[in-house]
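Here's target_24.cif, which has mmCIF, C-alpha atoms and all ligand atoms:
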```cif
data_work
loop_
_atom_site.label_atom_id
_atom_site.label_comp_id
_atom_site.auth_asym_id
_atom_site.auth_seq_id
_atom_site.Cartn_x
_atom_site.Cartn_y
_atom_site.Cartn_z
CA MET F 1 -2.54 16.01 -0.63
CA LYS F 2 -0.29 13.22 -1.95
CA ILE F 3 -1.57 10.29 -4.02
CA ALA F 4 0.62 7.33 -5.05
CA VAL F 5 -0.53 5.82 -8.35
CA ILE F 6 0.57 2.23 -8.93
CA ILE F 7 0.02 0.64 -12.33
CA GLY F 8 0.79 -3.06 -12.74
CA SER F 9 0.36 -3.45 -16.51
CA PRO F 10 3.54 -4.51 -18.34
CA ARG F 11 2.37 -1.99 -20.97
CA GLY F 12 2.56 0.81 -18.41
CA MET F 13 0.38 3.85 -19.12
CA LYS F 14 0.25 3.01 -22.86
CA GLY F 15 -2.29 0.19 -22.49
CA ASN F 16 -6.02 -0.07 -21.76
CA THR F 17 -5.58 0.17 -17.98
CA GLY F 18 -3.43 3.27 -18.43
CA ARG F 19 -6.17 4.84 -20.56
CA LEU F 20 -8.85 4.26 -17.90
CA LEU F 21 -6.45 5.39 -15.18
CA GLU F 22 -5.88 8.67 -17.08
CA GLU F 23 -9.57 9.49 -16.56
CA VAL F 24 -9.38 8.74 -12.82
CA LEU F 25 -6.38 11.06 -12.59
CA ALA F 26 -8.32 13.74 -14.49
CA GLY F 27 -10.89 13.65 -11.67
CA LEU F 28 -8.35 14.39 -8.92
CA ASP F 29 -8.20 17.90 -7.48
CA LYS F 30 -5.80 20.06 -9.47
CA ASP F 31 -3.50 20.68 -6.50
CA VAL F 32 -2.95 16.99 -5.69
CA LYS F 33 0.66 15.82 -5.84
CA THR F 34 0.65 12.48 -7.68
CA GLU F 35 3.52 10.03 -7.87
CA LEU F 36 3.23 7.55 -10.73
CA ILE F 37 4.71 4.18 -9.85
CA ASP F 38 4.80 2.28 -13.14
CA LEU F 39 5.78 -1.28 -12.25
CA SER F 40 6.86 -1.96 -15.85
CA LYS F 41 9.71 0.48 -15.17
CA ARG F 42 10.50 -0.58 -11.61
CA LYS F 43 12.06 -3.76 -10.29
CA VAL F 44 10.03 -5.62 -7.67
CA LEU F 45 11.30 -9.17 -7.26
CA PRO F 46 9.02 -11.98 -6.04
CA CYS F 47 8.98 -12.50 -2.26
CA ILE F 48 11.36 -15.28 -1.18
CA GLY F 49 9.54 -16.00 2.11
CA CYS F 50 12.60 -15.27 4.28
CA ASP F 51 10.54 -13.53 7.03
CA HIS F 52 13.22 -10.84 7.31
CA CYS F 53 10.64 -8.04 6.92
CA HIS F 54 8.63 -9.42 9.83
CA LYS F 55 11.76 -9.69 11.99
CA THR F 56 13.29 -6.29 11.17
CA GLY F 57 10.66 -4.27 9.30
CA VAL F 58 12.88 -4.12 6.19
CA CYS F 59 13.07 -6.36 3.10
CA PRO F 60 16.63 -7.51 2.29
CA LEU F 61 16.04 -7.90 -1.49
CA LYS F 62 17.87 -5.24 -3.46
CA ASP F 63 15.32 -3.63 -5.75
CA ASP F 64 12.73 -0.84 -5.76
CA TYR F 65 10.39 -2.30 -3.13
CA GLU F 66 11.51 -0.24 -0.12
CA ALA F 67 11.23 3.00 -2.16
CA ILE F 68 7.67 2.08 -3.19
CA LYS F 69 6.83 1.21 0.44
CA LYS F 70 8.13 4.64 1.49
CA SER F 71 5.86 6.30 -1.10
CA LEU F 72 2.88 4.36 0.29
CA LEU F 73 3.77 5.33 3.87
CA GLU F 74 4.05 9.00 2.91
CA CYS F 75 0.90 9.31 0.77
CA ASP F 76 -2.62 10.24 1.87
CA GLY F 77 -4.20 7.99 -0.72
CA PHE F 78 -3.21 5.51 -3.39
CA ILE F 79 -4.56 4.02 -6.60
CA LEU F 80 -3.98 0.41 -7.66
CA ALA F 81 -4.45 -0.26 -11.38
CA SER F 82 -4.12 -3.60 -13.12
CA PRO F 83 -5.38 -5.52 -16.11
CA ASN F 84 -7.09 -8.84 -15.46
CA TYR F 85 -4.44 -11.51 -15.97
CA ILE F 86 -6.11 -14.93 -15.57
CA PHE F 87 -8.78 -13.78 -13.10
CA SER F 88 -6.32 -11.79 -11.00
CA VAL F 89 -3.82 -8.93 -11.08
CA THR F 90 -0.59 -9.04 -13.10
CA ALA F 91 2.48 -10.81 -11.73
CA GLN F 92 4.10 -7.38 -11.37
CA LEU F 93 1.40 -6.15 -8.98
CA LYS F 94 1.11 -9.51 -7.21
CA ALA F 95 4.85 -9.37 -6.49
CA LEU F 96 4.30 -6.00 -4.82
CA PHE F 97 1.38 -7.40 -2.79
CA ASP F 98 3.47 -10.40 -1.68
CA ARG F 99 6.34 -8.16 -0.65
CA SER F 100 3.95 -6.12 1.54
CA GLY F 101 3.76 -8.64 4.41
CA ASN F 102 5.13 -6.17 6.95
CA ILE F 103 2.60 -3.54 5.83
CA LEU F 104 -0.23 -6.03 6.38
CA HIS F 105 1.02 -7.39 9.73
CA CYS F 106 1.28 -3.85 11.11
CA LEU F 107 -1.63 -2.25 9.20
CA LEU F 108 0.86 0.42 8.15
CA LEU F 109 -1.60 2.19 5.83
CA GLU F 110 -4.29 2.79 8.48
CA GLY F 111 -5.91 6.21 7.99
CA LYS F 112 -5.24 6.21 4.24
CA TYR F 113 -7.62 5.64 1.31
CA GLY F 114 -7.26 3.51 -1.81
CA ALA F 115 -9.07 3.19 -5.13
CA VAL F 116 -8.83 0.51 -7.81
CA VAL F 117 -8.80 0.53 -11.61
CA GLU F 118 -9.08 -2.59 -13.76
CA THR F 119 -9.51 -3.57 -17.41
CA SER F 120 -10.04 -6.95 -19.02
CA GLY F 121 -10.37 -8.64 -22.38
CA GLY F 122 -13.89 -9.70 -21.55
CA GLY F 123 -14.78 -10.30 -17.93
CA GLU F 124 -14.24 -11.00 -14.23
CA ASP F 125 -13.81 -7.27 -13.66
CA ASP F 126 -15.56 -7.38 -10.27
CA GLU F 127 -13.51 -10.38 -9.12
CA VAL F 128 -10.21 -8.61 -9.83
CA MET F 129 -11.41 -5.30 -8.36
CA ARG F 130 -12.66 -7.04 -5.17
CA TYR F 131 -9.25 -8.70 -4.82
CA MET F 132 -7.44 -5.35 -5.02
CA GLU F 133 -9.93 -3.79 -2.58
CA ARG F 134 -9.33 -6.67 -0.18
CA PHE F 135 -5.62 -5.92 -0.35
CA ILE F 136 -6.37 -2.26 0.42
CA ASN F 137 -8.47 -3.21 3.46
CA SER F 138 -5.76 -5.62 4.62
CA THR F 139 -3.21 -2.81 4.75
CA GLY F 140 -5.45 -0.98 7.21
CA ALA F 141 -6.66 1.50 4.57
CA GLN F 142 -10.23 2.01 3.42
CA SER F 143 -11.32 1.60 -0.20
CA VAL F 144 -13.35 4.35 -1.84
CA GLY F 145 -14.30 1.98 -4.67
CA GLY F 146 -13.21 1.15 -8.15
CA VAL F 147 -13.81 1.33 -11.85
CA GLY F 148 -13.36 -1.57 -14.24
CA SER F 149 -14.34 -2.58 -17.73
CA PRO F 150 -13.71 -4.99 -20.55
CA MET F 151 -11.99 -3.39 -23.52
CA ALA F 152 -13.72 -2.75 -26.84
CA GLY F 153 -10.46 -2.35 -28.76
CA GLU F 154 -7.03 -0.86 -28.19
CA ARG F 155 -7.46 1.81 -25.47
CA THR F 156 -11.22 1.94 -26.12
CA PHE F 157 -14.16 0.68 -24.08
CA PRO F 158 -17.88 0.04 -24.54
CA ASP F 159 -20.10 2.89 -23.26
CA GLU F 160 -16.96 4.95 -22.94
CA ALA F 161 -18.61 8.27 -22.00
CA ILE F 162 -20.38 6.65 -19.01
CA LEU F 163 -17.26 4.73 -17.98
CA PHE F 164 -15.02 7.79 -18.14
CA ASN F 165 -17.53 9.76 -16.04
CA GLN F 166 -17.40 6.98 -13.42
CA ALA F 167 -13.60 7.08 -13.57
CA ARG F 168 -13.45 10.85 -13.01
CA ASP F 169 -16.01 10.51 -10.18
CA LEU F 170 -13.73 7.93 -8.58
CA GLY F 171 -10.84 10.41 -8.67
CA ARG F 172 -13.04 13.07 -7.07
CA ASP F 173 -14.32 10.57 -4.44
CA LEU F 174 -10.76 9.67 -3.50
CA CYS F 175 -9.91 13.34 -2.85
CA ARG F 176 -13.15 14.02 -0.91
CA SER F 177 -12.68 10.88 1.21
CA ILE F 178 -9.15 11.95 2.15
CA GLU F 179 -10.23 15.52 2.86
CA GLU F 180 -13.29 14.56 4.93
CA LYS F 181 -11.67 11.46 6.54
CA LYS F 182 -14.70 9.54 5.32
CA ASP F 183 -15.72 6.30 6.98
CA PHE F 184 -16.87 3.26 4.99
CA PRO F 185 -18.91 1.24 7.53
CA ALA F 186 -19.43 -1.69 5.12
CA GLN F 187 -15.68 -2.41 5.35
CA ALA F 188 -15.54 -2.26 9.16
CA ASP F 189 -16.22 -5.96 9.85
CA TYR F 190 -13.52 -7.18 7.49
CA ARG F 191 -10.98 -4.63 8.75
CA THR F 192 -11.71 -5.33 12.43
CA THR F 193 -11.49 -9.11 11.94
CA PHE F 194 -8.29 -8.82 9.93
CA LYS F 195 -6.70 -6.52 12.50
CA ALA F 196 -7.57 -8.93 15.34
CA ARG F 197 -5.98 -11.74 13.33
CA MET F 198 -2.78 -9.73 12.80
CA LYS F 199 -2.69 -8.86 16.51
CA ARG F 200 -2.84 -12.56 17.45
CA LEU F 201 -0.21 -13.43 14.86
CA VAL F 202 2.24 -10.73 15.95
CA GLU F 203 1.74 -11.64 19.61
CA TYR F 204 2.27 -15.35 18.89
CA ARG F 205 5.45 -14.62 16.90
CA LYS F 206 6.85 -11.89 19.15
CA GLY F 207 10.06 -13.84 19.85
CA GLU F 208 10.87 -14.29 16.15
CA CYS F 209 9.53 -10.96 14.92
CA PRO F 210 10.55 -8.29 17.45
CA ALA F 211 10.24 -5.36 15.02
CA GLU F 212 6.57 -6.04 14.33
CA HIS F 213 5.83 -6.66 18.01
CA GLN F 214 7.47 -3.38 18.96
CA TYR F 215 5.50 -1.53 16.27
CA TRP F 216 2.23 -2.95 17.63
CA ARG F 217 3.21 -2.01 21.21
CA GLU F 218 4.05 1.56 20.19
CA HIS F 219 1.28 2.28 17.68
CA LEU F 220 -1.62 -0.13 17.77
CA LEU F 221 -2.14 -1.31 21.36
CA GLY F 222 -3.56 0.64 24.21
C1 LIG T 1 -1.28 -12.86 -19.83
C2 LIG T 1 -2.66 -12.27 -20.04
C3 LIG T 1 -3.71 -12.80 -19.34
C4 LIG T 1 -5.00 -12.29 -19.51
N1 LIG T 1 -6.03 -12.87 -18.83
C5 LIG T 1 -7.29 -12.39 -19.02
C6 LIG T 1 -8.39 -13.01 -18.33
O1 LIG T 1 -8.24 -13.95 -17.58
N2 LIG T 1 -9.63 -12.51 -18.56
C7 LIG T 1 -9.84 -11.44 -19.40
O2 LIG T 1 -10.99 -11.03 -19.56
N3 LIG T 1 -8.80 -10.83 -20.05
C8 LIG T 1 -7.55 -11.29 -19.88
N4 LIG T 1 -6.49 -10.68 -20.53
C9 LIG T 1 -6.74 -9.47 -21.35
C10 LIG T 1 -6.33 -8.19 -20.60
O3 LIG T 1 -6.88 -8.16 -19.29
C11 LIG T 1 -6.83 -6.94 -21.33
O4 LIG T 1 -6.38 -6.92 -22.65
C12 LIG T 1 -6.40 -5.68 -20.60
O5 LIG T 1 -7.21 -4.59 -21.01
C13 LIG T 1 -4.93 -5.35 -20.85
O6 LIG T 1 -4.60 -4.17 -20.14
P1 LIG T 1 -3.29 -3.31 -20.50
O7 LIG T 1 -3.47 -2.84 -21.93
O8 LIG T 1 -3.32 -2.19 -19.54
O9 LIG T 1 -2.11 -4.20 -20.30
C14 LIG T 1 -5.22 -11.20 -20.39
C15 LIG T 1 -4.13 -10.66 -21.11
C16 LIG T 1 -2.86 -11.21 -20.95
C17 LIG T 1 -1.69 -10.62 -21.74
#
```
Could you quickly redo this structure as structure tokens?
Ligand SMILES: Cc1cc2nc3c(=O)[nH]c(=O)nc-3n(C[C@H](O)[C@H](O)[C@H](O)COP(=O)(O)O)c2cc1C
Amino acid sequence: MKIAVIIGSPRGMKGNTGRLLEEVLAGLDKDVKTELIDLSKRKVLPCIGCDHCHKTGVCPLKDDYEAIKKSLLECDGFILASPNYIFSVTAQLKALFDRSGNILHCLLLEGKYGAVVETSGGGEDDEVMRYMERFINSTGAQSVGGVGSPMAGERTFPDEAILFNQARDLGRDLCRSIEEKKDFPAQADYRTTFKARMKRLVEYRKGECPAEHQYWREHLLG
């Protein structure tokens, strides 16, 4: 089982989000192959809106995006971790989301499972976690849930024993969901509606975006 672990904090694994993420990783099965994708050490430029990825399936910007996309395509599950930066994810993780247009248009992560990890100075944890889970569902994947908390101090949290138990449970849930191909019916409406919207969009733009249209014809229609 392969799990891609993406952390968007500019402080990498050394910050509060990294500390909570460590507990999620401790809950994974021992034989899981994890790949840590620390965005503070990778280069993911902001999307320039050129549409090239929709036309060809590949982003022309020269950085680490295509390698990260390959890791996502090859994993069974993935974890998204970010601090709350002004009611949202960090710019580093948002850049990765924005660059993922081709993944969303073609639901390239269908069949996979995601989990989210978040920390904040003092609030909006649910808002940021829901946003990351929405991204997961918009890639075609299902979300197994998330863990989030305000900090109490540097790399410490209130009610830490309870929080860390939740974090380890999340790691275990991610592995079980992958193993059992679990279904999350509460996410079905959003995923079905989003997929129908992408189908209309790709059909409407088939002249301009032949790569995405061909992908739909070969993998998603029928
Ligand atoms: C630029 C910036 C914006 C932030 N915005 C918020 C915010 O809107 N709400 C909040 O509760 N905390 C906010 N924080 C605090 C961080 O979310 C919090 O310290 C987090 O645990 C940092 O995680 P890290 O150590 O993994 O980087 C912000 C911190 C920074 C540096």
*Which value, in Å to one decimal, gives the distance between atom CA of Thr119 of chain F and atom CA of Glu133 of chain F?*
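Value for the atom CA of Thr119 of chain F-atom CA of Glu133 of chain F distance: 14.8 Å.
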*Can you tell me, as a list in words, what residues are no more than 7 Å from Lys2 of chain F when counting all atoms listed in the file, ignoring any on the same chain fewer than 6 positions away?*
Val32, Lys33, Thr34, Cys75, Asp76 and Gly77 of chain F
Output as JSON the centre and edge lengths (Å, one decimal) of the box along x, y and z of the file that holds every listed atom of ligand LIG 1 (chain T) after adding 5 Å on each side.
```
{"center_x": -6.1, "center_y": -8.1, "center_z": -20.1, "size_x": 19.7, "size_y": 21.8, "size_z": 15.1}
```
Enumerate as a tab-separated table (two decimals) with C-alpha atoms, keeping the file's coordinate frame the residues within 9 Å of ligand LIG 1 (chain T), counting only C-alpha atoms and all ligand atoms.
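What follows is the written file result_22.tsv:
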```
chain	number	residue	atom	x	y	z
F	7	ILE	CA	0.02	0.64	-12.33
F	8	GLY	CA	0.79	-3.06	-12.74
F	9	SER	CA	0.36	-3.45	-16.51
F	10	PRO	CA	3.54	-4.51	-18.34
F	11	ARG	CA	2.37	-1.99	-20.97
F	12	GLY	CA	2.56	0.81	-18.41
F	13	MET	CA	0.38	3.85	-19.12
F	14	LYS	CA	0.25	3.01	-22.86
F	15	GLY	CA	-2.29	0.19	-22.49
F	16	ASN	CA	-6.02	-0.07	-21.76
F	17	THR	CA	-5.58	0.17	-17.98
F	18	GLY	CA	-3.43	3.27	-18.43
F	19	ARG	CA	-6.17	4.84	-20.56
F	20	LEU	CA	-8.85	4.26	-17.90
F	81	ALA	CA	-4.45	-0.26	-11.38
F	82	SER	CA	-4.12	-3.60	-13.12
F	83	PRO	CA	-5.38	-5.52	-16.11
F	84	ASN	CA	-7.09	-8.84	-15.46
F	85	TYR	CA	-4.44	-11.51	-15.97
F	86	ILE	CA	-6.11	-14.93	-15.57
F	87	PHE	CA	-8.78	-13.78	-13.10
F	88	SER	CA	-6.32	-11.79	-11.00
F	89	VAL	CA	-3.82	-8.93	-11.08
F	90	THR	CA	-0.59	-9.04	-13.10
F	118	GLU	CA	-9.08	-2.59	-13.76
F	119	THR	CA	-9.51	-3.57	-17.41
F	120	SER	CA	-10.04	-6.95	-19.02
F	121	GLY	CA	-10.37	-8.64	-22.38
F	122	GLY	CA	-13.89	-9.70	-21.55
F	123	GLY	CA	-14.78	-10.30	-17.93
F	124	GLU	CA	-14.24	-11.00	-14.23
F	125	ASP	CA	-13.81	-7.27	-13.66
F	149	SER	CA	-14.34	-2.58	-17.73
F	150	PRO	CA	-13.71	-4.99	-20.55
F	151	MET	CA	-11.99	-3.39	-23.52
F	152	ALA	CA	-13.72	-2.75	-26.84
F	153	GLY	CA	-10.46	-2.35	-28.76
F	154	GLU	CA	-7.03	-0.86	-28.19
F	155	ARG	CA	-7.46	1.81	-25.47
```
*asked:* With distances taken over all atoms listed in the file, which residue among F:Gln187, F:Asn165, F:Gln214, F:Gln142 lies nearest Leu25 of chain F?
replied: F:Asn165
_What's around segment 52-68 of chain F at 10 Å? Count only C-alpha atoms, leave out sequence neighbours fewer than 2 positions away in its own chain, and write the answer as a PyMOL selection string._
chain F and resi 4+6+37+39+41-50+70-74+95-96+99-103+105-106+202+205-213+215
*Kindly give the distance, in Å, that separates atom CA of Arg217 of chain F and atom CA of Ala196 of chain F, rounded to a single decimal.*
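So the answer is 14.1 Å.
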*So, counting all atoms listed in the file, which residue among F:Lys94, F:Leu109, F:Ser40, F:Phe157 is closest to Val128 of chain F?*
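Comparing F:Lys94, F:Leu109, F:Ser40, F:Phe157 against Val128 of chain F, the winner is F:Lys94.
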_Residue neighbourhood Lys112 of chain F, 12 Å, all atoms listed in the file, exclusion window fewer than 6 positions, as a ChimeraX atom specification_ = /F:1-4,72-79,136-144,174-175,177-183
*Using all atoms listed in the file, which residue out of F:Leu104, F:Met129, F:Ala167, F:Ala115 lies closest to Leu21 of chain F?*
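With all atoms listed in the file as the atom set, the closest residue is F:Ala167.
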*Using atom CA of Ala186 of chain F and atom CA of Val24 of chain F as the two end points, give the distance in Å to one decimal.*
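Taking atom CA of Ala186 of chain F and atom CA of Val24 of chain F, their separation equals 23.1 Å.
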_Distance cut-off 9 Å, centre (-15.8, 6.5, -14.5) in file coordinates, counting all atoms listed in the file: which residues qualify? Return them as a list in words._
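Final list of nearby residues, as requested, is Leu20, Glu23, Val24, Gly146, Val147, Gly148, Glu160, Ala161, Ile162, Leu163, Phe164, Asn165, Gln166, Ala167, Arg168, Asp169, Leu170 and Gly171 of chain F.
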Residue rebuild result segment 8-32 of chain F, N, CA and C atoms as an mmCIF file, in the coordinates of the input:
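That gives us result_8.cif:
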```cif
data_model
loop_
_atom_site.group_PDB
_atom_site.id
_atom_site.type_symbol
_atom_site.label_atom_id
_atom_site.label_comp_id
_atom_site.auth_asym_id
_atom_site.auth_seq_id
_atom_site.Cartn_x
_atom_site.Cartn_y
_atom_site.Cartn_z
ATOM 1 N N GLY F 8 0.128 -1.757 -12.644
ATOM 2 C CA GLY F 8 0.790 -3.060 -12.740
ATOM 3 C C GLY F 8 0.847 -3.628 -14.152
ATOM 4 N N SER F 9 0.319 -2.905 -15.145
ATOM 5 C CA SER F 9 0.360 -3.450 -16.510
ATOM 6 C C SER F 9 1.778 -3.436 -17.037
ATOM 7 N N PRO F 10 2.217 -4.545 -17.699
ATOM 8 C CA PRO F 10 3.540 -4.510 -18.340
ATOM 9 C C PRO F 10 3.588 -3.505 -19.477
ATOM 10 N N ARG F 11 2.413 -3.007 -19.911
ATOM 11 C CA ARG F 11 2.370 -1.990 -20.970
ATOM 12 C C ARG F 11 2.333 -0.577 -20.389
ATOM 13 N N GLY F 12 2.501 -0.496 -19.068
ATOM 14 C CA GLY F 12 2.560 0.810 -18.410
ATOM 15 C C GLY F 12 1.319 1.641 -18.706
ATOM 16 N N MET F 13 1.510 2.945 -18.870
ATOM 17 C CA MET F 13 0.380 3.850 -19.120
ATOM 18 C C MET F 13 -0.104 3.779 -20.569
ATOM 19 N N LYS F 14 0.608 3.015 -21.432
ATOM 20 C CA LYS F 14 0.250 3.010 -22.860
ATOM 21 C C LYS F 14 -0.888 2.045 -23.182
ATOM 22 N N GLY F 15 -1.271 1.202 -22.221
ATOM 23 C CA GLY F 15 -2.290 0.190 -22.490
ATOM 24 C C GLY F 15 -3.693 0.625 -22.117
ATOM 25 N N ASN F 16 -4.603 -0.346 -22.054
ATOM 26 C CA ASN F 16 -6.020 -0.070 -21.760
ATOM 27 C C ASN F 16 -6.187 0.424 -20.321
ATOM 28 N N THR F 17 -5.466 -0.208 -19.396
ATOM 29 C CA THR F 17 -5.580 0.170 -17.980
ATOM 30 C C THR F 17 -5.078 1.597 -17.794
ATOM 31 N N GLY F 18 -3.982 1.911 -18.493
ATOM 32 C CA GLY F 18 -3.430 3.270 -18.430
ATOM 33 C C GLY F 18 -4.442 4.280 -18.948
ATOM 34 N N ARG F 19 -5.166 3.905 -20.002
ATOM 35 C CA ARG F 19 -6.170 4.840 -20.560
ATOM 36 C C ARG F 19 -7.282 5.114 -19.537
ATOM 37 N N LEU F 20 -7.776 4.055 -18.889
ATOM 38 C CA LEU F 20 -8.850 4.260 -17.900
ATOM 39 C C LEU F 20 -8.307 5.018 -16.680
ATOM 40 N N LEU F 21 -7.079 4.699 -16.315
ATOM 41 C CA LEU F 21 -6.450 5.390 -15.180
ATOM 42 C C LEU F 21 -6.312 6.892 -15.465
ATOM 43 N N GLU F 22 -5.997 7.241 -16.728
ATOM 44 C CA GLU F 22 -5.880 8.670 -17.080
ATOM 45 C C GLU F 22 -7.141 9.441 -16.689
ATOM 46 N N GLU F 23 -8.307 8.809 -16.890
ATOM 47 C CA GLU F 23 -9.570 9.490 -16.560
ATOM 48 C C GLU F 23 -9.743 9.630 -15.052
ATOM 49 N N VAL F 24 -9.320 8.619 -14.296
ATOM 50 C CA VAL F 24 -9.380 8.740 -12.820
ATOM 51 C C VAL F 24 -8.499 9.895 -12.380
ATOM 52 N N LEU F 25 -7.307 9.983 -12.967
ATOM 53 C CA LEU F 25 -6.380 11.060 -12.590
ATOM 54 C C LEU F 25 -6.939 12.433 -12.972
ATOM 55 N N ALA F 26 -7.710 12.469 -14.074
ATOM 56 C CA ALA F 26 -8.320 13.740 -14.490
ATOM 57 C C ALA F 26 -9.359 14.208 -13.467
ATOM 58 N N GLY F 27 -9.887 13.286 -12.675
ATOM 59 C CA GLY F 27 -10.890 13.650 -11.670
ATOM 60 C C GLY F 27 -10.292 14.119 -10.345
ATOM 61 N N LEU F 28 -8.987 13.952 -10.182
ATOM 62 C CA LEU F 28 -8.350 14.390 -8.920
ATOM 63 C C LEU F 28 -8.336 15.904 -8.840
ATOM 64 N N ASP F 29 -8.331 16.444 -7.643
ATOM 65 C CA ASP F 29 -8.200 17.900 -7.480
ATOM 66 C C ASP F 29 -6.908 18.359 -8.145
ATOM 67 N N LYS F 30 -6.946 19.560 -8.682
ATOM 68 C CA LYS F 30 -5.800 20.060 -9.470
ATOM 69 C C LYS F 30 -4.527 20.211 -8.625
ATOM 70 N N ASP F 31 -4.695 20.444 -7.321
ATOM 71 C CA ASP F 31 -3.500 20.680 -6.500
ATOM 72 C C ASP F 31 -2.929 19.405 -5.865
ATOM 73 N N VAL F 32 -3.467 18.255 -6.253
ATOM 74 C CA VAL F 32 -2.950 16.990 -5.690
ATOM 75 C C VAL F 32 -1.559 16.708 -6.259
#
```
